[in-house]
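Asks: model-v6.cif (mmCIF, C-alpha atoms) pasted underneath:
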data_final
loop_
_atom_site.label_atom_id
_atom_site.label_comp_id
_atom_site.auth_asym_id
_atom_site.auth_seq_id
_atom_site.Cartn_x
_atom_site.Cartn_y
_atom_site.Cartn_z
CA SER A 282 -5.15 114.06 -205.11
CA ARG A 283 -6.16 112.32 -201.90
CA TRP A 284 -5.19 112.59 -198.26
CA TYR A 285 -5.64 109.69 -195.90
CA PHE A 286 -6.34 109.64 -192.18
CA VAL A 287 -5.90 106.24 -190.59
CA ASN A 288 -8.11 105.43 -187.62
CA SER A 289 -7.07 102.68 -185.17
CA SER A 290 -9.00 100.85 -182.46
CA ALA A 291 -7.80 98.50 -179.74
CA THR A 292 -9.10 95.99 -177.20
CA THR A 293 -7.52 95.17 -173.85
CA LEU A 294 -6.12 92.07 -175.54
CA SER A 295 -4.32 94.25 -178.08
CA ALA A 296 -6.21 92.75 -181.00
CA LEU A 297 -5.81 95.99 -182.95
CA SER A 298 -7.39 96.86 -186.25
CA ILE A 299 -6.36 99.76 -188.45
CA SER A 300 -8.97 101.21 -190.76
CA ALA A 301 -9.33 104.46 -192.63
CA ARG A 302 -11.54 107.36 -191.66
CA ARG A 303 -12.69 109.86 -194.25
CA ASP A 304 -10.76 113.07 -193.91
CA THR A 305 -11.87 116.62 -194.65
CA PRO A 306 -10.97 117.70 -198.20
CA VAL A 307 -8.23 120.30 -198.64
CA ALA A 308 -8.89 122.67 -201.54
CA SER A 309 -9.46 120.37 -204.53
CA VAL A 310 -8.34 117.28 -202.65
CA ARG A 311 -10.88 114.45 -202.58
CA ALA A 312 -11.25 112.13 -199.60
CA GLU A 313 -11.23 108.41 -200.14
CA SER A 314 -11.70 105.45 -197.85
CA SER A 315 -8.96 102.91 -197.40
CA SER A 316 -8.46 100.07 -194.95
CA ARG A 317 -5.72 97.94 -193.51
CA SER A 318 -5.79 95.57 -190.58
CA THR A 319 -3.19 93.84 -188.43
CA ARG A 320 -3.77 91.44 -185.58
CA ARG A 321 -1.66 90.06 -182.79
CA ASN A 322 -2.04 86.66 -181.20
CA PRO A 323 -3.76 87.18 -177.80
CA ALA A 324 -1.66 84.37 -176.35
CA THR A 325 1.41 86.61 -176.58
CA VAL A 326 -0.18 89.48 -174.66
CA ARG A 327 1.45 90.34 -171.34
CA ALA A 328 -0.35 91.55 -168.23
CA ALA A 329 -0.86 95.31 -168.46
CA GLY A 330 1.03 97.52 -166.01
CA PRO A 331 -0.20 101.14 -165.95
CA ASN A 332 3.25 102.72 -165.66
CA ALA A 333 5.64 100.61 -167.69
CA ASP A 334 3.96 97.97 -169.79
CA SER A 335 4.27 98.59 -173.53
CA LEU A 336 0.83 97.08 -174.16
CA TRP A 337 -0.83 99.60 -171.84
CA LEU A 338 1.10 102.46 -173.46
CA ASN A 339 0.20 101.17 -176.92
CA ASN A 340 -3.51 101.05 -176.10
CA ARG A 341 -3.45 104.52 -174.57
CA GLY A 342 -1.76 105.73 -177.75
CA VAL A 343 -4.40 104.10 -179.94
CA ALA A 344 -7.17 105.66 -177.84
CA ALA A 345 -5.58 109.10 -178.31
CA LEU A 346 -5.20 108.40 -182.02
CA ASN A 347 -8.92 107.61 -182.31
CA ASP A 348 -9.74 110.86 -180.51
CA GLY A 349 -7.65 112.88 -182.95
CA ASN A 350 -4.98 113.73 -180.38
CA PHE A 351 -2.10 112.76 -182.60
CA LYS A 352 0.76 114.34 -180.66
CA GLU A 353 -0.44 112.64 -177.48
CA ALA A 354 -0.73 109.35 -179.38
CA ILE A 355 2.82 109.70 -180.66
CA ALA A 356 4.12 110.37 -177.15
CA TYR A 357 2.49 107.19 -175.76
CA LEU A 358 3.50 105.06 -178.72
CA GLN A 359 7.10 106.25 -178.64
CA ARG A 360 7.30 105.22 -174.99
CA ALA A 361 5.82 101.85 -175.92
CA ARG A 362 8.38 101.49 -178.68
CA ASN A 363 11.23 102.24 -176.28
CA LEU A 364 10.08 99.29 -174.18
CA SER A 365 9.39 96.97 -177.12
CA PRO A 366 11.48 98.25 -180.05
CA GLN A 367 10.79 95.20 -182.25
CA ASP A 368 7.02 95.06 -181.72
CA SER A 369 5.63 95.44 -185.26
CA LEU A 370 2.16 96.34 -183.98
CA ILE A 371 3.47 99.28 -181.95
CA LEU A 372 5.66 100.42 -184.85
CA GLN A 373 2.70 100.34 -187.24
CA ASN A 374 0.48 102.30 -184.86
CA LEU A 375 3.22 104.87 -184.30
CA ALA A 376 3.66 105.24 -188.05
CA MET A 377 -0.08 105.79 -188.47
CA ALA A 378 -0.13 108.43 -185.71
CA MET A 379 2.71 110.26 -187.46
CA ASN A 380 0.84 109.97 -190.78
CA ASN A 381 -2.28 111.51 -189.24
CA LEU A 382 -0.34 114.36 -187.70
CA ALA A 383 1.24 115.00 -191.10
CA VAL A 384 -2.22 115.15 -192.71
CA GLN A 385 -3.24 117.65 -190.04
CA HIS A 386 -0.30 119.83 -191.04
CA LEU A 387 -1.33 119.44 -194.68
CA HIS A 388 -4.77 120.82 -193.83
CA ASP A 389 -2.99 123.82 -192.35
CA THR A 390 -0.72 124.05 -195.45
CA GLN A 391 2.34 123.49 -193.26
CA LEU A 392 4.14 121.41 -195.84
CA ASP A 393 7.58 121.26 -194.24
CA GLN A 394 6.13 119.93 -190.97
CA ALA A 395 4.07 117.40 -192.92
CA ILE A 396 7.17 116.17 -194.74
CA ARG A 397 9.03 115.82 -191.46
CA TRP A 398 6.38 113.54 -189.94
CA LEU A 399 5.94 111.51 -193.10
CA VAL A 400 9.69 110.94 -193.34
CA ASP A 401 9.64 109.61 -189.77
CA ALA A 402 6.56 107.49 -190.52
CA ARG A 403 8.25 105.90 -193.55
CA LYS A 404 11.19 104.87 -191.38
CA LEU A 405 8.74 102.72 -189.46
CA SER A 406 6.42 101.53 -192.21
CA GLU A 407 6.20 101.45 -196.01
CA ASP A 408 2.41 101.40 -195.85
CA ALA A 409 0.81 102.52 -199.13
CA VAL A 410 -1.19 105.23 -197.34
CA ILE A 411 1.99 106.86 -196.05
CA ARG A 412 3.69 106.65 -199.45
CA LYS A 413 0.70 108.24 -201.20
CA ASN A 414 0.61 111.10 -198.71
CA MET A 415 4.35 111.63 -199.07
CA ALA A 416 4.00 111.84 -202.84
CA GLN A 417 1.18 114.37 -202.57
CA VAL A 418 3.00 116.70 -200.20
CA LEU A 419 6.13 116.54 -202.37
CA ILE A 420 4.04 117.50 -205.41
CA LEU A 421 2.69 120.51 -203.51
CA LYS A 422 6.23 121.52 -202.56
CA GLY A 423 7.32 121.14 -206.16
CA ARG A 424 4.50 123.36 -207.33
CA GLU A 425 5.52 125.98 -204.77
CA GLU A 426 9.08 125.96 -206.09
CA ALA A 427 7.90 126.13 -209.70
CA GLU A 428 5.73 129.15 -208.96
CA ALA A 429 8.70 130.78 -207.21
CA GLY A 430 10.78 130.39 -210.38
CA ARG A 431 12.99 127.54 -209.17
CA PRO A 432 12.33 124.81 -211.78
CA GLU A 433 15.31 122.60 -210.92
CA LEU A 434 14.29 122.38 -207.27
CA ALA A 435 10.68 121.81 -208.34
CA GLN A 436 11.73 118.91 -210.55
CA GLN A 437 13.65 117.34 -207.68
CA TYR A 438 10.50 117.40 -205.55
CA PHE A 439 8.50 115.88 -208.40
CA ARG A 440 11.13 113.15 -208.88
CA ASN A 441 11.02 112.40 -205.16
CA ALA A 442 7.23 112.18 -205.41
CA VAL A 443 7.58 109.61 -208.20
CA ASP A 444 10.03 107.64 -206.04
CA ALA A 445 7.62 107.74 -203.08
CA ASP A 446 4.67 106.55 -205.15
CA PRO A 447 5.58 105.26 -208.63
CA GLN A 448 1.87 104.59 -209.28
CA SER A 449 0.97 108.27 -208.91
CA ALA A 450 -0.04 109.62 -212.31
CA THR A 451 -0.11 113.10 -210.79
CA ALA A 452 3.56 112.91 -209.81
CA HIS A 453 4.60 111.79 -213.30
CA GLU A 454 2.42 114.47 -214.88
CA TRP A 455 3.87 117.35 -212.84
CA LEU A 456 7.40 116.15 -213.53
CA GLY A 457 6.63 115.95 -217.24
CA ARG A 458 5.06 119.41 -217.36
CA SER A 459 8.00 120.93 -215.52
CA LEU A 460 10.48 119.31 -217.90
CA TYR A 461 8.40 120.47 -220.86
CA ASP A 462 8.50 124.06 -219.62
CA GLU A 463 12.28 123.78 -219.59
CA GLY A 464 12.34 122.54 -223.19
CA ARG A 465 13.48 119.03 -222.19
CA LEU A 466 11.06 117.37 -224.57
CA LYS A 467 12.44 113.84 -224.59
CA GLU A 468 12.39 113.53 -220.80
CA ALA A 469 9.02 115.25 -220.59
CA LEU A 470 7.49 112.78 -223.03
CA VAL A 471 8.65 109.80 -220.95
CA SER A 472 6.94 111.21 -217.85
CA ILE A 473 3.72 112.20 -219.61
CA GLU A 474 3.45 108.82 -221.33
CA GLU A 475 3.82 107.10 -217.96
CA ALA A 476 1.16 109.37 -216.46
CA TYR A 477 -1.14 108.46 -219.35
CA ARG A 478 -0.43 104.75 -218.84
CA LEU A 479 -1.43 105.05 -215.19
CA GLU A 480 -4.41 107.32 -215.77
CA ASN A 481 -6.10 107.08 -219.15
CA ARG A 482 -7.00 110.77 -219.63
CA GLU A 483 -7.59 112.44 -222.96
CA ASP A 484 -5.73 115.61 -221.94
CA LEU A 485 -2.60 113.57 -221.18
CA LYS A 486 -2.84 111.81 -224.53
CA LYS A 487 -3.16 115.15 -226.34
CA PHE A 488 -0.24 116.59 -224.40
CA ALA A 489 1.96 113.60 -225.27
CA ASP A 490 1.01 113.99 -228.95
CA LYS A 491 1.89 117.68 -228.78
CA ILE A 492 5.32 116.91 -227.33
CA ARG A 493 5.95 114.33 -230.06
CA ARG A 494 5.08 116.88 -232.77
CA GLU A 495 7.36 119.48 -231.23
CA GLU A 496 10.14 116.95 -230.82
CA THR A 497 9.81 115.96 -234.47
CA GLY A 498 9.76 119.61 -235.55
CA GLU A 499 12.88 120.38 -233.54
CA SER A 500 14.66 117.41 -235.11
CA ASN A 501 13.61 118.47 -238.61
CA PHE A 502 14.83 122.01 -237.97
CA PHE A 503 18.36 120.92 -237.14
CA GLU A 504 18.44 118.37 -239.97
CA GLN A 505 17.41 121.09 -242.47
CA SER A 506 19.38 123.95 -240.91
CA THR A 507 20.60 125.19 -244.29
CA MET A 508 17.02 125.97 -245.23
CA HIS A 509 16.51 128.36 -242.29
CA PHE A 510 17.91 131.74 -241.42
CA ARG A 511 17.81 133.64 -238.16
CA ILE A 512 16.62 137.24 -237.80
CA PHE A 513 18.17 139.14 -234.93
CA TYR A 514 16.67 142.30 -233.50
CA SER A 515 18.84 145.34 -234.18
CA PRO A 516 18.41 148.53 -232.11
CA GLU A 517 19.68 150.47 -235.14
CA ILE A 518 16.42 149.83 -237.00
CA ASN A 519 13.22 151.62 -236.04
CA TYR A 520 10.76 148.75 -236.01
CA GLY A 521 7.94 151.13 -235.25
CA HIS A 522 7.45 151.54 -239.01
CA ILE A 523 6.23 148.51 -240.94
CA SER A 524 8.30 149.51 -244.00
CA ASN A 525 11.50 149.26 -241.96
CA ALA A 526 10.53 145.81 -240.69
CA VAL A 527 9.79 144.61 -244.21
CA TRP A 528 13.11 146.04 -245.43
CA ALA A 529 14.97 144.20 -242.65
CA LEU A 530 13.27 140.94 -243.55
CA GLU A 531 14.03 141.36 -247.25
CA ARG A 532 17.69 142.11 -246.57
CA ALA A 533 18.00 139.06 -244.31
CA TYR A 534 16.34 136.94 -246.98
CA GLN A 535 18.70 138.13 -249.73
CA ASP A 536 21.75 137.60 -247.53
CA HIS A 537 20.63 134.05 -246.83
CA ARG A 538 20.12 133.35 -250.56
CA VAL A 539 23.72 134.42 -251.17
CA PHE A 540 24.83 132.15 -248.31
CA LEU A 541 23.04 129.24 -250.01
CA GLY A 542 24.81 130.01 -253.26
CA GLY A 543 22.01 131.81 -255.08
CA ALA A 544 19.08 129.69 -254.04
CA PRO A 545 15.87 130.27 -256.03
CA ARG A 546 13.29 132.66 -254.61
CA THR A 547 11.19 130.22 -252.71
CA GLU A 548 9.73 130.23 -249.22
CA ILE A 549 12.46 129.78 -246.60
CA GLY A 550 11.64 129.28 -242.91
CA ALA A 551 12.73 132.13 -240.61
CA VAL A 552 13.63 131.73 -236.94
CA PHE A 553 13.37 134.88 -234.84
CA ALA A 554 15.98 135.33 -232.10
#
Go ahead and render the structure in this file as structure tokens.
Replies:
Amino acid sequence: SRWYFVNSSATTLSALSISARRDTPVASVRAESSSRSTRRNPATVRAAGPNADSLWLNNRGVAALNDGNFKEAIAYLQRARNLSPQDSLILQNLAMAMNNLAVQHLHDTQLDQAIRWLVDARKLSEDAVIRKNMAQVLILKGREEAEAGRPELAQQYFRNAVDADPQSATAHEWLGRSLYDEGRLKEALVSIEEAYRLENREDLKKFADKIRREETGESNFFEQSTMHFRIFYSPEINYGHISNAVWALERAYQDHRVFLGGAPRTEIGAVFA
């Protein structure tokens, strides 16, 4: 898992570059550098006016962004956007400021606030950094819901994480593991195989093989249902004594032989329920 801060710099001519700054790891999260740059033709730059000009507001916002004052940066950049709503440079910088504020909330484990800012950032930009961060926070929310015993809600978060970043092996893996825990083997296998395709890990390969074996075993069970019998717990029998348990098993076995029309005394699979 990786979080990304994006650090911007500006000149008075608004030739802005956007590059990544290494962020502080959160728990097991690893930091990773990333870069992206955008430039604006200086010939289109207007004279800066300290109270109204969108260029001045943009550069003040970028300066605040570089200083780590993300809320202040957002305030300046939103004012700049109001003056120049179609300026792609301002929109990108505003999206990056929102992304950085979201990462700050992630460091403080304030996941709902992080989601809020990332949702707003994605309305302005589909930058890969923003999508990766959105996927990661959705995975964390999904894990929270899974631990709270709400698997369906957890799976929805994991699916949303996959939608945000289809190249995230982690998102596919968590969705697959959640589906597996619910006994939805076919769907789980699809997700785990995709995670393995994206990230060639031996543990994912072994898990996919395990699901295939269980899926095959489940299919064989239903295809050979006449060769199985179910043993139900009965409160009338004192299972504290091994002789009683053996007697119950023998009676169930004989009853099943009669059901099969006098099948020979051979080993028959038992399913406990």
Asks: Just how far from CA of Glu475 in chain A is CA of Glu496 in chain A, in Å to one decimal?
Replies: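 Separation of CA of Glu496 in chain A and CA of Glu475 in chain A: 17.4 Å.
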Asks: Got a sec: who's within 12 Å of Tyr357 in chain A, counting all atoms listed in the file, leaving out chain neighbours fewer than 2 positions off, as an NGL selection string?
Replies: :A and (331-346 or 350-355 or 359-364 or 371-372 or 374-375 or 378)
Asks: Please expand the PyMOL selection byres ((chain A and resi 441) around 10) into the concrete residues it hits in this file, giving the result as a VMD selection string.
Replies: chain A and resid 415 to 416 419 to 420 423 435 to 440 442 to 447 452 456
Asks: At what distance in Å, to one decimal, does CA of Ala376 in chain A lie from CA of Ile411 in chain A?
Replies: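 Between CA of Ile411 in chain A and CA of Ala376 in chain A the gap is 8.3 Å.
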Asks: Can you give me, as a compact mmCIF listing (two decimals) with C-alpha atoms, keeping the file's coordinate frame, the residues this file yields under the PyMOL selection byres ((chain A and resi 398) around 12)?
Replies:
# COMPACT_ATOMS: atom_id res chain seq x y z
CA PHE A 351 -2.10 112.76 -182.60
CA LYS A 352 0.76 114.34 -180.66
CA ILE A 355 2.82 109.70 -180.66
CA LEU A 375 3.22 104.87 -184.30
CA ALA A 376 3.66 105.24 -188.05
CA MET A 377 -0.08 105.79 -188.47
CA ALA A 378 -0.13 108.43 -185.71
CA MET A 379 2.71 110.26 -187.46
CA ASN A 380 0.84 109.97 -190.78
CA ASN A 381 -2.28 111.51 -189.24
CA LEU A 382 -0.34 114.36 -187.70
CA ALA A 383 1.24 115.00 -191.10
CA VAL A 384 -2.22 115.15 -192.71
CA GLN A 385 -3.24 117.65 -190.04
CA HIS A 386 -0.30 119.83 -191.04
CA LEU A 387 -1.33 119.44 -194.68
CA GLN A 391 2.34 123.49 -193.26
CA LEU A 392 4.14 121.41 -195.84
CA ASP A 393 7.58 121.26 -194.24
CA GLN A 394 6.13 119.93 -190.97
CA ALA A 395 4.07 117.40 -192.92
CA ILE A 396 7.17 116.17 -194.74
CA ARG A 397 9.03 115.82 -191.46
CA LEU A 399 5.94 111.51 -193.10
CA VAL A 400 9.69 110.94 -193.34
CA ASP A 401 9.64 109.61 -189.77
CA ALA A 402 6.56 107.49 -190.52
CA ARG A 403 8.25 105.90 -193.55
CA LYS A 404 11.19 104.87 -191.38
CA LEU A 405 8.74 102.72 -189.46
CA ILE A 411 1.99 106.86 -196.05
CA ASN A 414 0.61 111.10 -198.71
CA MET A 415 4.35 111.63 -199.07
CA VAL A 418 3.00 116.70 -200.20
Asks: To one decimal place in Å, what is the distance between CA of Tyr461 in chain A and CA of Gln448 in chain A?
Replies: 20.7 Å
Asks: So which residues get picked by the PyMOL selection byres ((chain A and resi 471) around 12) here, written as a list in words?
Replies: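 Written out, the selection comes to His453, Glu454, Leu456, Gly457, Arg458, Leu460, Tyr461, Arg465, Leu466, Lys467, Glu468, Ala469, Leu470, Ser472, Ile473, Glu474, Glu475, Ala476, Tyr477, Arg478, Leu485, Phe488, Ala489, Asp490, Ile492 and Arg493 of chain A.
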